[in-house]
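Trainee: Would you mind keeping the following structure in view while I ask a few things?
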Amino acid sequence: MTNEPLSFPRRYARTQRFTSGAPRAFTVSPDGSRVVFLRSPSGTERANQLWVLDVPEGRDRVVADPAALLGGAAEHLSPQERARRERSREGGAGIVGYATDTAAELACFTLSGRLFTAELRAGTARELPVPAPVIDPRPSPDGRLVAYVSQGALRVVGAEGEGDRVLAEPEESAGDGAVSYGLAEFIAAEEMGRSRGFWWSPEGDRLLVARVDDTPVQRWWISDPANPEADPQRVAYPRAGSANADVRLFVFGLDGVRTEVSWDRARYPYLAHVHWSAAGAPLVLVQARDQRSQLFLAVDPDTGATRMVHADEDPTWLDLFPGVPCWSPGGQLVRIADEGGARVLEFGERPLTGAQLHVRAVLDVSADDVLVAASAGEDASSPETGEVHVYRVNELGLERVSQEPGVHSAVRAGGVTVLVSSVLDQPGVNVRVLRDGKPQATIPSYAEDPGLSPRVTLTQGGAQKIPCAVLMPADYDGDTPLPVLLDPYGGPHGPRVVAAHNAHLTSQWFADQGFAVVVADGRGTPGRSPAWEKAIRDDLTLSLDDQVEALHSLAERFPLDLSKVAIRGWSYGGWLAGLAVLRRPDVFHAGIAGAPVADWRLYDTHYTERYLGDPAASPAVYARSSLVTDEGLAEPADTHRPLMIVHGLADDNVVVAHALRLSSALLAAGRPHEVLPLSGVTHMTPQETVAENLLLLQVDFLKRSLGMS
């Protein structure tokens, strides 16, 4: 027996990237007396418990423990629940989500597909006997009822378990598909940030319900070659240029009477956002297929008729943002818009911010102000590289709530703000509870200390001032030029240059293996300006140009050995690594492409068409940005460089066909490469031994390829 400490890769995997035990998913009661949240009991336990902090006393308590509620039995997830967690990249277990009534007195959640409620003030939890598997249960605002989805039907049950009934029955499809109620379709959950499919009225007497018919969507098969006796999984996947699910919206009374909400669905097929509060009529945001126009519509719940509140157009594309659109308590439309070259907060028809801020999300709207998350805009006095702050904004100006450099977010109600902060010089998250801006309590984290401190410099590179992070080995002498590893994501929605400790742990571990690690957020990455994000329209390869520019600029200030340069990445970053090796072997000498999008025609509609348009209308645009086409490798340079391709065989987001087509094209071109198939692994790699060994194998490949062994 040995007491040898676990390696960093093993601890990183075992602790879910050191997120287990960290508090998350906060809700503040309207009276400010309670903060509801999730947290697992230790840094190595994945199963989250439901907790309540009693703010006046400053003490927290468990109100629902999965181990007790399941009697120690293992969790069993339905395929639908697994798909939901994959869409949200949820790697935890136990209670991974919950919903509360308006007063935050009652919460409901699922465990093993069973429905549970918790009395948050009393601290008791119970199971409601309803048909399983249950998905996305939500109490009515008054806490009398709970609506949930089971087997494609939207059902309603009393909060005490009485009177369970079907409100919307799934329908037989006219073709080879399914019609369900109350669930978000794949494209909404994966790309639009809409994980819900039903919304209660403020009075709790009716609901808005999405009806999804996925019959038009192309069917793909996801198989497990390592287990040939298992049937392949059949999934509806809307690849670029193909048909999406048909999505309609209905108002349902509790008696089952339904009224369809009407809008020009042919022109605006995407149901992007729904908001229903006491401040106004139901509000929906619908988008055109090309995402260059969208409508904000108010719904008459009695007739289903809609009236236009606002319309947006953009020649490139229109982004979607967390927390908006919504009504202010006074009935003003709150939204985020790109105006005058800046991303601003709009209140009614008035911008409340300018180019000094780049607004990223609306966190709360009160009668006095709007709480937003924002990074420094183009007119800011300092670039504040990697920082995101919380601001209070109104007609009189703005006030920063978060102070120390870092990445901050917040939840607010009843005069209480929960400020969640990550900074560079401390691991994990720091959660502070403020009342009227003054410290009231803290919510401790049980996450493990990584035992690794990133030696990171946040800076800018090149004439474009590309945000960069540079990491050196912990024992670096400061003089010897080091082999370089670029470690980017490099694309939309995925900033990697952030002023947060844990975000750089893996990069630091690679640095400690003998590399200078460079992370660069070039054009297309979020957080700087609309023009910066939208520069990649019709040409994603600009992402690679910016990696090269950042590398060469940093080499003038840091001891980088440009004769030994490698790149690694996952998903968009995996595509970027493959592109680097194939198109710029003069710069890059080895690459690791994890779950790469090799052929953009095989990726989904809402994401891909936003950046590259319709593949039928723009085949050359797709070919230029893809690694492979029907003819083989797309625009490869003559020089061959080592490439490792890693892909999960169960991936239903970037399907393994991408890796297989890339490997086939490389083989046909006579280019040696390595393929590492991950049996049973999806787009995430939560399995402990897989995640650990994947890091170790990557280091071995990089050292062999760069002659460091």
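Residues in the structure tokens are numbered from 1 in each chain, the chains being A, B, ... in the order shown, and ligands are numbered from 1 in the order shown.
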Can you list, as a tab-separated table (two decimals) with all heavy atoms, in the first residue's frame, all residues belonging to range 83-169 of chain A that DSSP tags as helix (DSSP H, G or I)?

Mentor:
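Written output follows (states15.tsv):
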chain	number	residue	atom	x	y	z
A	83	ALA	N	-29.02	14.01	-22.38
A	83	ALA	CA	-28.89	14.96	-23.49
A	83	ALA	C	-28.95	16.40	-22.98
A	83	ALA	O	-28.18	17.26	-23.43
A	83	ALA	CB	-29.98	14.71	-24.52
A	84	ARG	N	-29.85	16.66	-22.05
A	84	ARG	CA	-29.94	18.01	-21.47
A	84	ARG	C	-28.63	18.40	-20.79
A	84	ARG	O	-28.17	19.54	-20.93
A	84	ARG	CB	-31.09	18.08	-20.46
A	84	ARG	CG	-32.46	18.28	-21.06
A	84	ARG	CD	-33.54	18.17	-19.99
A	84	ARG	NE	-33.30	19.04	-18.86
A	84	ARG	CZ	-33.64	20.34	-18.80
A	84	ARG	NH1	-34.21	20.90	-19.84
A	84	ARG	NH2	-33.40	21.05	-17.72
A	85	ARG	N	-28.05	17.48	-20.06
A	85	ARG	CA	-26.80	17.80	-19.36
A	85	ARG	C	-25.65	17.98	-20.34
A	85	ARG	O	-24.75	18.80	-20.11
A	85	ARG	CB	-26.48	16.70	-18.34
A	85	ARG	CG	-27.53	16.62	-17.24
A	85	ARG	CD	-27.11	15.70	-16.11
A	85	ARG	NE	-28.20	15.55	-15.14
A	85	ARG	CZ	-28.07	15.01	-13.95
A	85	ARG	NH1	-26.88	14.53	-13.56
A	85	ARG	NH2	-29.11	14.90	-13.13
A	86	GLU	N	-25.67	17.23	-21.43
A	86	GLU	CA	-24.64	17.41	-22.44
A	86	GLU	C	-24.74	18.78	-23.08
A	86	GLU	O	-23.74	19.45	-23.32
A	86	GLU	CB	-24.77	16.33	-23.52
A	86	GLU	CG	-23.67	16.35	-24.56
A	86	GLU	CD	-22.31	15.93	-24.04
A	86	GLU	OE1	-22.24	15.23	-23.01
A	86	GLU	OE2	-21.30	16.30	-24.67
A	87	ARG	N	-25.96	19.23	-23.34
A	87	ARG	CA	-26.16	20.55	-23.95
A	87	ARG	C	-25.63	21.66	-23.03
A	87	ARG	O	-25.08	22.65	-23.50
A	87	ARG	CB	-27.63	20.80	-24.24
A	87	ARG	CG	-28.31	19.82	-25.18
A	87	ARG	CD	-27.93	20.02	-26.64
A	87	ARG	NE	-26.58	19.60	-26.97
A	87	ARG	CZ	-26.19	18.33	-27.14
A	87	ARG	NH1	-27.06	17.34	-27.01
A	87	ARG	NH2	-24.95	18.05	-27.46
A	88	SER	N	-25.82	21.50	-21.72
A	88	SER	CA	-25.39	22.53	-20.78
A	88	SER	C	-23.98	22.29	-20.26
A	88	SER	O	-23.49	23.06	-19.42
A	88	SER	CB	-26.36	22.61	-19.60
A	88	SER	OG	-26.38	21.39	-18.88

Trainee: Mind checking DSSP for range 50-148 of chain A and telling me the strand (DSSP E or B) residues as a count of residues only?

Mentor: 41

Trainee: Do you have the CA of Val519 in chain A-CA of Pro5 in chain A distance handy?

Mentor: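 About the pair CA of Val519 in chain A and CA of Pro5 in chain A: they are 29.3 Å apart.
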
Trainee: Which value, in Å to one decimal, gives the distance between CA of Leu424 in chain A and CA of Ser375 in chain A?

Mentor: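 One can read the CA of Leu424 in chain A to CA of Ser375 in chain A distance as 16.2 Å.
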
Trainee: Can you measure CA of Asp538 in chain A to CA of Pro615 in chain A for me? One decimal in Å is fine.

Mentor: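 About the pair CA of Asp538 in chain A and CA of Pro615 in chain A: they are 10.8 Å apart.
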
Trainee: Just checking: using only C-alpha atoms, which residue out of A:Pro559, A:Pro495, A:Gly490, A:Gly58 ends up closest to Leu540 in chain A?

Mentor: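 Closest residue, counting only C-alpha atoms: A:Gly490.
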
Trainee: Residues within 6 Å of range 115-131 of chain A, please, as a ChimeraX atom specification. Count only C-alpha atoms; anything in the same chain fewer than 5 positions from it doesn't count.

Mentor: /A:63-64,105-110,161

Trainee: Got time to write the residues from that selection, N, CA and C atoms, as a PDB file, in the first residue's frame?

Mentor:
ATOM      1  N   VAL A  63     -30.928  21.517   2.701  1.00  0.00           N
ATOM      2  CA  VAL A  63     -32.370  21.247   2.696  1.00  0.00           C
ATOM      3  C   VAL A  63     -32.716  20.019   1.864  1.00  0.00           C
ATOM      4  N   ALA A  64     -31.800  19.570   1.018  1.00  0.00           N
ATOM      5  CA  ALA A  64     -32.060  18.350   0.241  1.00  0.00           C
ATOM      6  C   ALA A  64     -30.733  17.669  -0.064  1.00  0.00           C
ATOM      7  N   GLU A 105     -39.906  30.052  -1.522  1.00  0.00           N
ATOM      8  CA  GLU A 105     -40.335  29.217  -0.394  1.00  0.00           C
ATOM      9  C   GLU A 105     -40.293  27.736  -0.773  1.00  0.00           C
ATOM     10  N   LEU A 106     -40.609  27.434  -2.038  1.00  0.00           N
ATOM     11  CA  LEU A 106     -40.666  26.057  -2.528  1.00  0.00           C
ATOM     12  C   LEU A 106     -39.683  25.880  -3.677  1.00  0.00           C
ATOM     13  N   ALA A 107     -38.916  24.814  -3.651  1.00  0.00           N
ATOM     14  CA  ALA A 107     -38.023  24.464  -4.759  1.00  0.00           C
ATOM     15  C   ALA A 107     -38.393  23.083  -5.264  1.00  0.00           C
ATOM     16  N   CYS A 108     -38.177  22.845  -6.531  1.00  0.00           N
ATOM     17  CA  CYS A 108     -38.369  21.500  -7.059  1.00  0.00           C
ATOM     18  C   CYS A 108     -37.178  21.127  -7.934  1.00  0.00           C
ATOM     19  N   PHE A 109     -36.937  19.802  -8.031  1.00  0.00           N
ATOM     20  CA  PHE A 109     -35.774  19.296  -8.742  1.00  0.00           C
ATOM     21  C   PHE A 109     -35.997  17.824  -9.023  1.00  0.00           C
ATOM     22  N   THR A 110     -35.109  17.238  -9.804  1.00  0.00           N
ATOM     23  CA  THR A 110     -35.198  15.814 -10.106  1.00  0.00           C
ATOM     24  C   THR A 110     -33.977  15.077  -9.585  1.00  0.00           C
ATOM     25  N   GLY A 161     -48.585  16.835  -4.308  1.00  0.00           N
ATOM     26  CA  GLY A 161     -48.630  15.569  -5.035  1.00  0.00           C
ATOM     27  C   GLY A 161     -50.003  15.183  -5.528  1.00  0.00           C
TER      28      GLY A 161
END

Trainee: Determine, for each residue of range 141-199 of chain A having at least one atom at most 10 Å from an atom of range 314-337 of chain A, the closest pair of atoms and their separation in Å to one decimal, counting only C-alpha atoms; order by chain and ascending number, as a Markdown table.

Mentor:
| residue | atom | partner | partner_atom | distance |
| --- | --- | --- | --- | --- |
| A:Glu191 | CA | A:Leu320 | CA | 9.5 |
| A:Met192 | CA | A:Leu320 | CA | 6.9 |
| A:Gly193 | CA | A:Pro322 | CA | 7.5 |
| A:Arg194 | CA | A:Pro322 | CA | 9.3 |

Trainee: Residues within 9 Å of range 572-579 of chain A, please, as a ChimeraX atom specification. Count only C-alpha atoms; anything in the same chain fewer than 5 positions from it doesn't count.

Mentor: /A:486-492,494,541,543-544,566-567,584,590-598,625-627,636,643-646

Trainee: Check the smallest atom-to-atom distance from each of A:Gln218, A:Gln233, A:Thr27, A:Gln440 to Ala103 in chain A using only C-alpha atoms, then report the winner.

Mentor: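 Selected residue with least distance to Ala103 in chain A: A:Thr27.
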
Trainee: Select, from A:Gly428, A:Gly524, A:Pro301, A:Pro225, the residue with the minimum atom-to-atom distance to Ser679 in chain A, counting only C-alpha atoms.

Mentor: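 Looking at the shortest contact to Ser679 in chain A, the residue is A:Pro225.
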
Trainee: Could you give me, as a ChimeraX atom specification, the residues within 10 Å of range 346-359 of chain A, counting only C-alpha atoms and dropping anything in the same chain fewer than 3 positions from it?

Mentor: /A:309-310,321,325,327-328,331-343,362,370,372-383,388-391,393-398,526-530

Trainee: Find the residue from A:Phe252, A:Phe198, A:Trp600, A:Tyr476 that sits nearest to Pro137 in chain A; use only C-alpha atoms when measuring.

Mentor: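 Under the stated criterion, the closest residue is A:Phe198.
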
Trainee: Pick out the residues sitting within 9 Å of Pro585 in chain A, and hand them over as a PyMOL selection string; count only C-alpha atoms, and ignore anything fewer than 6 positions along from it in its own chain.

Mentor: chain A and resi 637-641

Trainee: Can you write just those residues out, all heavy atoms, as a PDB file, in the first residue's frame?

Mentor:
ATOM      1  N   ALA A 637      -0.681  23.014 -46.902  1.00  0.00           N
ATOM      2  CA  ALA A 637       0.676  23.353 -47.317  1.00  0.00           C
ATOM      3  C   ALA A 637       1.436  22.069 -47.629  1.00  0.00           C
ATOM      4  O   ALA A 637       1.002  20.963 -47.296  1.00  0.00           O
ATOM      5  CB  ALA A 637       1.375  24.142 -46.213  1.00  0.00           C
ATOM      6  N   ASP A 638       2.585  22.213 -48.282  1.00  0.00           N
ATOM      7  CA  ASP A 638       3.336  21.034 -48.716  1.00  0.00           C
ATOM      8  C   ASP A 638       4.017  20.311 -47.547  1.00  0.00           C
ATOM      9  O   ASP A 638       4.130  19.084 -47.552  1.00  0.00           O
ATOM     10  CB  ASP A 638       4.396  21.440 -49.743  1.00  0.00           C
ATOM     11  CG  ASP A 638       3.774  21.881 -51.063  1.00  0.00           C
ATOM     12  OD1 ASP A 638       2.640  21.443 -51.352  1.00  0.00           O
ATOM     13  OD2 ASP A 638       4.397  22.682 -51.776  1.00  0.00           O
ATOM     14  N   THR A 639       4.471  21.057 -46.549  1.00  0.00           N
ATOM     15  CA  THR A 639       5.209  20.458 -45.441  1.00  0.00           C
ATOM     16  C   THR A 639       4.270  19.686 -44.516  1.00  0.00           C
ATOM     17  O   THR A 639       3.186  20.155 -44.191  1.00  0.00           O
ATOM     18  CB  THR A 639       5.938  21.551 -44.642  1.00  0.00           C
ATOM     19  OG1 THR A 639       6.781  22.298 -45.533  1.00  0.00           O
ATOM     20  CG2 THR A 639       6.777  20.937 -43.531  1.00  0.00           C
ATOM     21  N   HIS A 640       4.704  18.495 -44.123  1.00  0.00           N
ATOM     22  CA  HIS A 640       3.920  17.671 -43.200  1.00  0.00           C
ATOM     23  C   HIS A 640       4.378  17.932 -41.765  1.00  0.00           C
ATOM     24  O   HIS A 640       5.577  18.041 -41.509  1.00  0.00           O
ATOM     25  CB  HIS A 640       4.101  16.189 -43.500  1.00  0.00           C
ATOM     26  CG  HIS A 640       3.658  15.788 -44.864  1.00  0.00           C
ATOM     27  ND1 HIS A 640       3.457  14.475 -45.215  1.00  0.00           N
ATOM     28  CD2 HIS A 640       3.344  16.510 -45.976  1.00  0.00           C
ATOM     29  CE1 HIS A 640       3.069  14.412 -46.474  1.00  0.00           C
ATOM     30  NE2 HIS A 640       3.006  15.636 -46.950  1.00  0.00           N
ATOM     31  N   ARG A 641       3.428  18.014 -40.851  1.00  0.00           N
ATOM     32  CA  ARG A 641       3.752  18.142 -39.434  1.00  0.00           C
ATOM     33  C   ARG A 641       2.968  17.093 -38.647  1.00  0.00           C
ATOM     34  O   ARG A 641       1.859  16.722 -39.028  1.00  0.00           O
ATOM     35  CB  ARG A 641       3.383  19.538 -38.919  1.00  0.00           C
ATOM     36  CG  ARG A 641       4.182  20.677 -39.545  1.00  0.00           C
ATOM     37  CD  ARG A 641       5.667  20.586 -39.229  1.00  0.00           C
ATOM     38  NE  ARG A 641       6.383  21.790 -39.669  1.00  0.00           N
ATOM     39  CZ  ARG A 641       7.700  21.887 -39.756  1.00  0.00           C
ATOM     40  NH1 ARG A 641       8.454  20.836 -39.425  1.00  0.00           N
ATOM     41  NH2 ARG A 641       8.267  23.002 -40.146  1.00  0.00           N
TER      42      ARG A 641
END

Trainee: Please identify all polymer residues within 9 Å of Val654 in chain A, counting only C-alpha atoms, omitting same-chain residues fewer than 6 positions from it, and present them as a PyMOL selection string.

Mentor: chain A and resi 571+595-597+602-604+647+682-683

Trainee: Check the smallest atom-to-atom distance from each of A:Asp60, A:Leu695, A:Asp614, A:Pro481 to Leu562 in chain A using only C-alpha atoms, then report the winner.

Mentor: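 Nearest to Leu562 in chain A: A:Pro481.
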